[in-house]
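What's in target_35.txt: compact mmCIF, C-alpha atoms
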# COMPACT_ATOMS: atom_id res chain seq x y z
CA MET B 1 101.78 104.28 104.28
CA LYS B 2 103.45 106.86 102.11
CA ILE B 3 102.35 106.74 98.51
CA VAL B 4 103.61 108.55 95.45
CA ALA B 5 101.70 108.29 92.19
CA VAL B 6 102.01 109.43 88.59
CA THR B 7 99.02 109.87 86.28
CA ALA B 8 99.16 110.14 82.49
CA CYS B 9 96.28 109.63 80.05
CA THR B 10 96.29 109.64 76.25
CA ALA B 11 95.05 113.17 75.59
CA GLY B 12 96.39 114.62 78.83
CA ILE B 13 93.34 116.83 79.20
CA ALA B 14 90.87 115.23 81.56
CA HIS B 15 91.51 111.78 83.03
CA THR B 16 95.06 112.60 84.17
CA TYR B 17 93.63 115.22 86.50
CA ILE B 18 90.42 113.49 87.52
CA VAL B 19 92.28 110.35 88.51
CA ALA B 20 94.89 112.37 90.43
CA GLU B 21 92.10 113.85 92.51
CA LYS B 22 90.42 110.48 92.99
CA LEU B 23 93.67 108.89 94.21
CA GLN B 24 94.30 111.81 96.54
CA LYS B 25 90.85 111.54 98.08
CA ALA B 26 90.87 107.74 98.34
CA ALA B 27 94.28 107.67 100.03
CA GLU B 28 93.38 110.42 102.49
CA GLU B 29 90.11 108.74 103.33
CA LEU B 30 91.91 105.50 104.07
CA GLY B 31 94.46 107.32 106.22
CA HIS B 32 97.52 107.42 103.99
CA ASP B 33 99.92 110.12 102.81
CA ILE B 34 99.96 110.61 99.08
CA LYS B 35 101.50 112.91 96.51
CA VAL B 36 100.35 112.67 92.92
CA GLU B 37 102.33 113.96 89.95
CA THR B 38 100.27 114.73 86.84
CA GLN B 39 101.82 114.39 83.39
CA GLY B 40 99.38 116.02 80.99
CA SER B 41 98.84 118.84 78.52
CA ALA B 42 99.58 121.40 81.21
CA GLY B 43 103.04 119.81 81.56
CA ILE B 44 104.32 118.02 84.64
CA GLU B 45 102.64 119.37 87.77
CA ASN B 46 103.17 118.58 91.44
CA GLU B 47 106.45 116.96 90.41
CA LEU B 48 107.75 114.27 92.76
CA THR B 49 111.09 115.11 94.32
CA ALA B 50 113.91 112.64 94.97
CA GLU B 51 112.98 112.92 98.64
CA ASP B 52 109.28 112.15 98.01
CA ILE B 53 110.31 109.05 96.08
CA ALA B 54 112.92 107.93 98.61
CA ASN B 55 110.38 108.17 101.45
CA ALA B 56 107.58 106.39 99.61
CA ASP B 57 106.52 102.85 100.52
CA VAL B 58 104.97 102.38 97.12
CA VAL B 59 104.70 104.01 93.70
CA ILE B 60 101.45 103.88 91.71
CA TYR B 61 101.57 104.34 87.94
CA THR B 62 98.10 105.18 86.69
CA HIS B 63 98.50 105.55 82.97
CA ASP B 64 97.50 104.77 79.39
CA ILE B 65 100.68 106.21 77.88
CA ALA B 66 104.35 105.92 78.89
CA ILE B 67 105.32 107.56 82.18
CA ARG B 68 108.01 110.22 81.80
CA GLY B 69 111.02 109.91 84.07
CA ALA B 70 110.35 106.29 85.07
CA SER B 71 114.05 105.77 85.90
CA ARG B 72 113.45 107.89 89.03
CA PHE B 73 111.56 104.95 90.52
CA ALA B 74 114.20 102.25 90.00
CA GLY B 75 114.26 99.83 92.92
CA LYS B 76 110.88 100.96 94.31
CA LYS B 77 107.77 98.83 94.71
CA ILE B 78 105.64 99.83 91.73
CA VAL B 79 101.97 99.12 91.11
CA ASP B 80 101.12 99.64 87.47
CA VAL B 81 97.45 100.07 86.51
CA PRO B 82 95.50 101.61 83.63
CA ILE B 83 93.65 104.91 84.14
CA SER B 84 90.32 103.04 84.16
CA THR B 85 91.21 101.17 87.37
CA ALA B 86 91.74 104.39 89.28
CA MET B 87 88.69 106.00 87.68
CA LYS B 88 86.45 103.19 88.79
CA GLN B 89 87.99 101.76 91.95
CA PRO B 90 90.41 104.21 93.56
CA LYS B 91 89.69 103.07 97.11
CA SER B 92 89.94 99.39 96.21
CA LEU B 93 93.29 100.12 94.60
CA ILE B 94 94.69 101.82 97.71
CA SER B 95 93.15 99.24 100.03
CA THR B 96 94.56 96.30 98.07
CA ILE B 97 98.04 97.85 98.12
CA GLU B 98 97.67 98.40 101.86
CA LYS B 99 96.83 94.73 102.41
CA LYS B 100 99.64 93.46 100.20
CA LEU B 101 102.23 95.70 101.84
CA GLY B 102 100.88 95.03 105.33
CA LYS B 103 101.00 98.75 106.23
CA MET I 104 94.19 133.77 86.49
CA PRO I 105 91.05 132.47 88.23
CA LEU I 106 89.11 129.42 87.10
CA ASN I 107 86.16 131.65 86.28
CA ASP I 108 88.07 133.02 83.28
CA ILE I 109 87.64 129.86 81.23
CA LEU I 110 83.99 129.49 82.16
CA ASN I 111 81.61 131.31 79.87
CA THR I 112 77.85 131.26 80.52
CA ASP I 113 77.27 131.43 76.74
CA LEU I 114 78.85 127.98 76.65
CA ILE I 115 76.42 126.49 79.14
CA ASP I 116 73.34 125.11 77.43
CA LEU I 117 70.61 123.46 79.49
CA ASN I 118 68.62 122.21 76.50
CA VAL I 119 71.03 120.34 74.28
CA GLU I 120 69.06 118.74 71.47
CA GLY I 121 69.62 115.31 70.04
CA ASN I 122 68.98 111.63 70.66
CA THR I 123 72.44 110.26 69.99
CA LYS I 124 76.00 111.02 70.99
CA ASP I 125 76.70 112.18 67.44
CA GLU I 126 73.74 114.57 67.42
CA VAL I 127 74.59 116.18 70.76
CA LEU I 128 78.29 116.49 69.89
CA ARG I 129 77.41 118.25 66.63
CA TYR I 130 74.91 120.50 68.42
CA MET I 131 77.55 121.47 70.98
CA ALA I 132 80.25 121.96 68.33
CA ASN I 133 77.92 124.43 66.62
CA VAL I 134 77.57 126.42 69.84
CA LEU I 135 81.38 126.56 70.05
CA LEU I 136 81.50 127.68 66.41
CA LYS I 137 78.90 130.43 66.93
CA ASN I 138 80.80 131.70 69.96
CA GLY I 139 84.12 131.87 68.09
CA TYR I 140 85.86 129.06 69.96
CA ILE I 141 86.42 126.93 66.85
CA ASN I 142 86.60 127.68 63.14
CA ASP I 143 85.36 124.35 61.79
CA ALA I 144 82.74 122.17 63.50
CA GLU I 145 83.38 119.17 61.23
CA VAL I 146 87.10 119.10 61.99
CA PHE I 147 86.47 119.64 65.68
CA VAL I 148 83.99 116.75 65.93
CA LYS I 149 86.34 114.49 63.96
CA ASP I 150 89.13 115.26 66.46
CA ILE I 151 86.80 114.60 69.40
CA TYR I 152 85.99 111.21 67.87
CA GLU I 153 89.68 110.47 67.49
CA ARG I 154 90.03 110.69 71.27
CA GLU I 155 86.74 108.83 71.81
CA ALA I 156 88.22 105.90 69.87
CA GLU I 157 91.01 105.56 72.44
CA GLY I 158 88.77 104.94 75.43
CA PRO I 159 85.46 105.75 77.07
CA THR I 160 84.70 109.28 78.25
CA GLY I 161 81.60 108.47 80.27
CA MET I 162 82.63 108.96 83.91
CA GLY I 163 79.52 107.72 85.72
CA SER I 164 76.81 109.79 87.45
CA HIS I 165 75.33 110.44 83.97
CA ILE I 166 78.26 112.70 83.11
CA SER I 167 80.54 112.50 80.06
CA ILE I 168 83.74 114.39 79.36
CA PRO I 169 84.49 114.21 75.63
CA HIS I 170 87.73 115.98 74.84
CA GLY I 171 90.41 116.10 72.27
CA LYS I 172 92.92 118.42 70.78
CA SER I 173 92.05 120.11 67.54
CA PHE I 174 93.70 122.61 65.23
CA SER I 175 90.17 123.96 64.65
CA VAL I 176 90.26 125.49 68.14
CA LEU I 177 90.72 129.27 68.28
CA ARG I 178 90.24 129.61 72.01
CA ASN I 179 90.55 127.01 74.78
CA GLY I 180 87.42 126.55 76.83
CA ILE I 181 84.75 124.22 78.01
CA MET I 182 81.19 123.79 76.84
CA ILE I 183 78.75 122.43 79.39
CA GLY I 184 75.58 120.87 78.04
CA LYS I 185 72.60 119.34 79.74
CA THR I 186 70.86 117.09 77.25
CA ILE I 187 67.09 116.97 76.82
CA ASN I 188 67.28 113.22 76.24
CA PRO I 189 69.42 110.55 77.90
CA ILE I 190 72.33 109.79 75.60
CA ARG I 191 73.89 106.34 75.40
CA TRP I 192 77.63 106.84 75.93
CA GLU I 193 80.68 104.60 76.33
CA SER I 194 81.61 104.48 80.00
CA SER I 195 84.61 103.44 82.06
CA MET I 196 82.36 103.02 85.09
CA SER I 197 79.73 100.45 84.17
CA ASP I 198 80.11 96.73 83.61
CA ASP I 199 78.43 96.71 80.19
CA GLY I 200 80.63 99.60 79.05
CA PHE I 201 77.80 102.11 78.56
CA GLN I 202 75.94 104.71 80.58
CA ASP I 203 73.05 107.13 80.05
CA THR I 204 74.50 110.63 79.92
CA HIS I 205 72.60 113.83 80.56
CA LEU I 206 75.41 116.23 81.40
CA ILE I 207 78.36 116.80 79.08
CA PHE I 208 81.59 118.67 79.68
CA LEU I 209 83.04 119.16 76.21
CA PHE I 210 86.66 120.25 76.47
CA CYS I 211 87.70 122.54 73.64
CA VAL I 212 91.50 122.45 73.45
CA SER I 213 93.93 123.61 70.78
CA ALA I 214 96.24 120.99 69.30
CA ASP I 215 99.02 123.55 69.41
CA ALA I 216 100.95 122.59 72.55
CA GLU I 217 102.17 126.09 73.33
CA PHE I 218 98.80 127.73 72.68
CA ALA I 219 97.22 129.40 75.73
CA ARG I 220 99.08 127.19 78.15
CA ASN I 221 97.65 129.11 81.11
CA HIS I 222 94.19 128.20 79.89
CA MET I 223 95.31 124.58 79.78
CA MET I 224 96.30 124.84 83.44
CA LEU I 225 92.81 126.11 84.26
CA LEU I 226 91.16 123.34 82.28
CA SER I 227 93.28 120.80 84.16
CA GLU I 228 92.21 122.40 87.42
CA LEU I 229 88.60 122.12 86.31
CA ALA I 230 89.07 118.48 85.30
CA GLY I 231 90.55 117.77 88.73
CA LYS I 232 87.39 119.12 90.31
CA LEU I 233 85.47 116.36 88.56
CA GLY I 234 87.50 113.86 90.57
CA ASN I 235 85.31 114.69 93.58
CA ASP I 236 82.37 112.28 93.77
CA VAL I 237 80.19 114.64 95.82
CA ARG I 238 80.65 117.45 93.29
CA VAL I 239 79.91 115.09 90.41
CA ALA I 240 76.76 113.76 92.10
CA LYS I 241 75.53 117.30 92.71
CA LEU I 242 76.38 118.48 89.18
CA SER I 243 74.38 115.58 87.86
CA LYS I 244 71.30 116.98 89.64
CA ALA I 245 71.93 120.68 88.89
CA THR I 246 69.20 122.44 86.91
CA THR I 247 70.41 126.02 86.45
CA LYS I 248 73.53 127.67 85.03
CA GLU I 249 74.21 129.33 88.37
CA GLU I 250 74.05 126.04 90.20
CA ILE I 251 76.47 124.44 87.73
CA LEU I 252 78.90 127.36 87.97
CA ASP I 253 78.74 127.43 91.78
CA LEU I 254 79.43 123.71 92.00
CA ILE I 255 82.45 124.01 89.73
CA LEU I 256 83.89 127.08 91.40
CA CYS I 257 83.36 126.20 95.05
CA GLU I 258 86.02 124.51 97.15
CA ASP I 259 85.66 120.85 98.12
CA ASP I 260 84.83 121.68 101.72
CA GLN I 261 81.96 123.94 100.62
CA LEU I 262 80.19 121.12 98.78
CA GLY I 263 78.36 119.65 101.76
CA GLU I 264 76.61 116.31 101.38
CA ALA I 265 75.25 114.71 98.25
CA GLU I 266 72.08 112.68 98.09
CA ALA I 267 72.27 109.22 96.64
CA LEU I 268 76.06 109.27 96.38
CA GLU I 269 77.23 106.14 94.59
CA GLU I 270 79.84 104.85 97.05
CA GLU I 271 82.58 102.59 95.77
CA GLU I 272 82.42 99.11 97.21
CA ILE I 273 85.95 98.30 98.38
CA VAL I 274 87.14 95.00 96.96
CA ASP I 275 90.49 93.28 96.49
CA LEU I 276 91.99 93.95 93.08
CA ASP I 277 94.25 91.64 91.15
CA ILE I 278 97.43 93.71 91.23
CA ASP I 279 101.12 92.97 91.63
CA PHE I 280 104.25 94.91 92.41
With the file now loaded, output its structure as structure tokens.
Amino acid sequence: MKIVAVTACTAGIAHTYIVAEKLQKAAEELGHDIKVETQGSAGIENELTAEDIANADVVIYTHDIAIRGASRFAGKKIVDVPISTAMKQPKSLISTIEKKLGK
Amino acid sequence: MPLNDILNTDLIDLNVEGNTKDEVLRYMANVLLKNGYINDAEVFVKDIYEREAEGPTGMGSHISIPHGKSFSVLRNGIMIGKTINPIRWESSMSDDGFQDTHLIFLFCVSADAEFARNHMMLLSELAGKLGNDVRVAKLSKATTKEEILDLILCEDDQLGEAEALEEEEIVDLDIDF
């Protein structure tokens, strides 16, 4: 499946980026395409384009603070989890989404 | 600017003293003070605790990543400390909410949003590297400054295999769309 994700933690220094990497690795390992946008102290990086979003089967919000630009994802299937879920169980997260979407 | 620019061997300490989280944080803040990265250790530690109050910074594999933004910061950087004693630390990875930490990445970041933004990009790149379980497992076992630096700077595909890698057991999560 094609996944897009956004990560945003409270301080925007560490977890935003660690979790982005964990999601990237977990998705690749399970055979999925993923692009992760980070919203942290370094600003918005790897920003999702309208095309990325349109092509995505699912959107993952991994966050402890509000996601910026959430209106971009209107009408999409969104999975909303706290940072801790993706810190601890990134593969379980991807695998559960895979099962629920049947892709 | 390469990642190496925010790494400073003077900020790697393999013998961090203390028996508690508070003691090691104060020890490390003093190293930052002595090296001109902060101008007030008390204020810096208080700001670190402010972030600590929002959620655990133990990330498993005996590694913790305390961080916070502080106006006491004169220069963005990262202090890496290997503790002499295991330190009980709040963790997002364990069921009881705590872990024993022996390696600490203390992020030293200015509260001024526009301050050294390129350094912030490098720190975020460094943080991202800690999202690799093999790197984290190897860092946890590293015993020299060179080993620590090499593990941080190398690419993912240069990491090789890690012994005793704690693999995630894949389970179904309770999530909805």
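With atom CA of B:Val4 on one side and atom CA of I:Asp279 on the other, the separation reads 16.2 Å.
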Residue with smallest distance to B:Pro90 - pool I:Ile255, I:Glu249, I:Ala240, I:Met196, counting only C-alpha atoms: I:Met196
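Considering the residues B:Ser41, B:Ile53, B:Gly69, B:Val6 and counting all atoms listed in the file, chain I has its shortest atom-to-atom contact with B:Ser41.
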Contacts of stretch 212-229 of chain I at 8 Å (only C-alpha atoms; same-chain gap of 5+ positions) as a list of chain:residue names: B:Ile13, B:Ala14, B:Tyr17, B:Ser41, B:Ala42, I:Met104, I:Pro105, I:Leu106, I:Ile109, I:His170, I:Gly171, I:Lys172, I:Ser173, I:Phe174, I:Ser175, I:Val176, I:Leu177, I:Arg178, I:Asn179, I:Gly180, I:Ile181, I:Ile255
Distance filter 6 Å, all atoms listed in the file, chain I against chain B, as a count of residues only: 11
Nearest-residue call for I:Phe210, choices I:Glu120, I:Met182, I:Glu264, I:Gly163, using all atoms listed in the file: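 The answer is I:Met182, which sits nearest to I:Phe210.
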Atom CA of I:Thr246 to atom CA of I:Ile168, distance in Å rounded to a single decimal: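 Atom-to-atom, atom CA of I:Thr246 to atom CA of I:Ile168, that is 18.3 Å.
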Repair of stretch 53-64 of chain B at the level of N, CA and C atoms, as a CSV table (one decimal), keeping the file's coordinate frame:
chain,number,residue,atom,x,y,z
B,53,ILE,N,110.2,110.4,96.6
B,53,ILE,CA,110.3,109.0,96.1
B,53,ILE,C,111.0,108.2,97.1
B,54,ALA,N,112.1,108.7,97.6
B,54,ALA,CA,112.9,107.9,98.6
B,54,ALA,C,112.1,107.5,99.8
B,55,ASN,N,111.2,108.4,100.3
B,55,ASN,CA,110.4,108.2,101.4
B,55,ASN,C,109.2,107.3,101.2
B,56,ALA,N,108.8,107.1,99.9
B,56,ALA,CA,107.6,106.4,99.6
B,56,ALA,C,107.7,104.9,99.8
B,57,ASP,N,106.6,104.3,100.4
B,57,ASP,CA,106.5,102.8,100.5
B,57,ASP,C,106.2,102.2,99.2
B,58,VAL,N,105.4,103.0,98.4
B,58,VAL,CA,105.0,102.4,97.1
B,58,VAL,C,104.8,103.5,96.1
B,59,VAL,N,104.9,103.1,94.8
B,59,VAL,CA,104.7,104.0,93.7
B,59,VAL,C,103.5,103.5,92.9
B,60,ILE,N,102.6,104.3,92.6
B,60,ILE,CA,101.4,103.9,91.7
B,60,ILE,C,101.6,104.6,90.4
B,61,TYR,N,101.7,103.8,89.3
B,61,TYR,CA,101.6,104.3,87.9
B,61,TYR,C,100.1,104.2,87.5
B,62,THR,N,99.5,105.3,87.2
B,62,THR,CA,98.1,105.2,86.7
B,62,THR,C,98.2,105.8,85.3
B,63,HIS,N,98.2,105.0,84.3
B,63,HIS,CA,98.5,105.6,83.0
B,63,HIS,C,98.0,104.7,81.8
B,64,ASP,N,97.8,105.4,80.7
B,64,ASP,CA,97.5,104.8,79.4
B,64,ASP,C,98.6,105.1,78.4
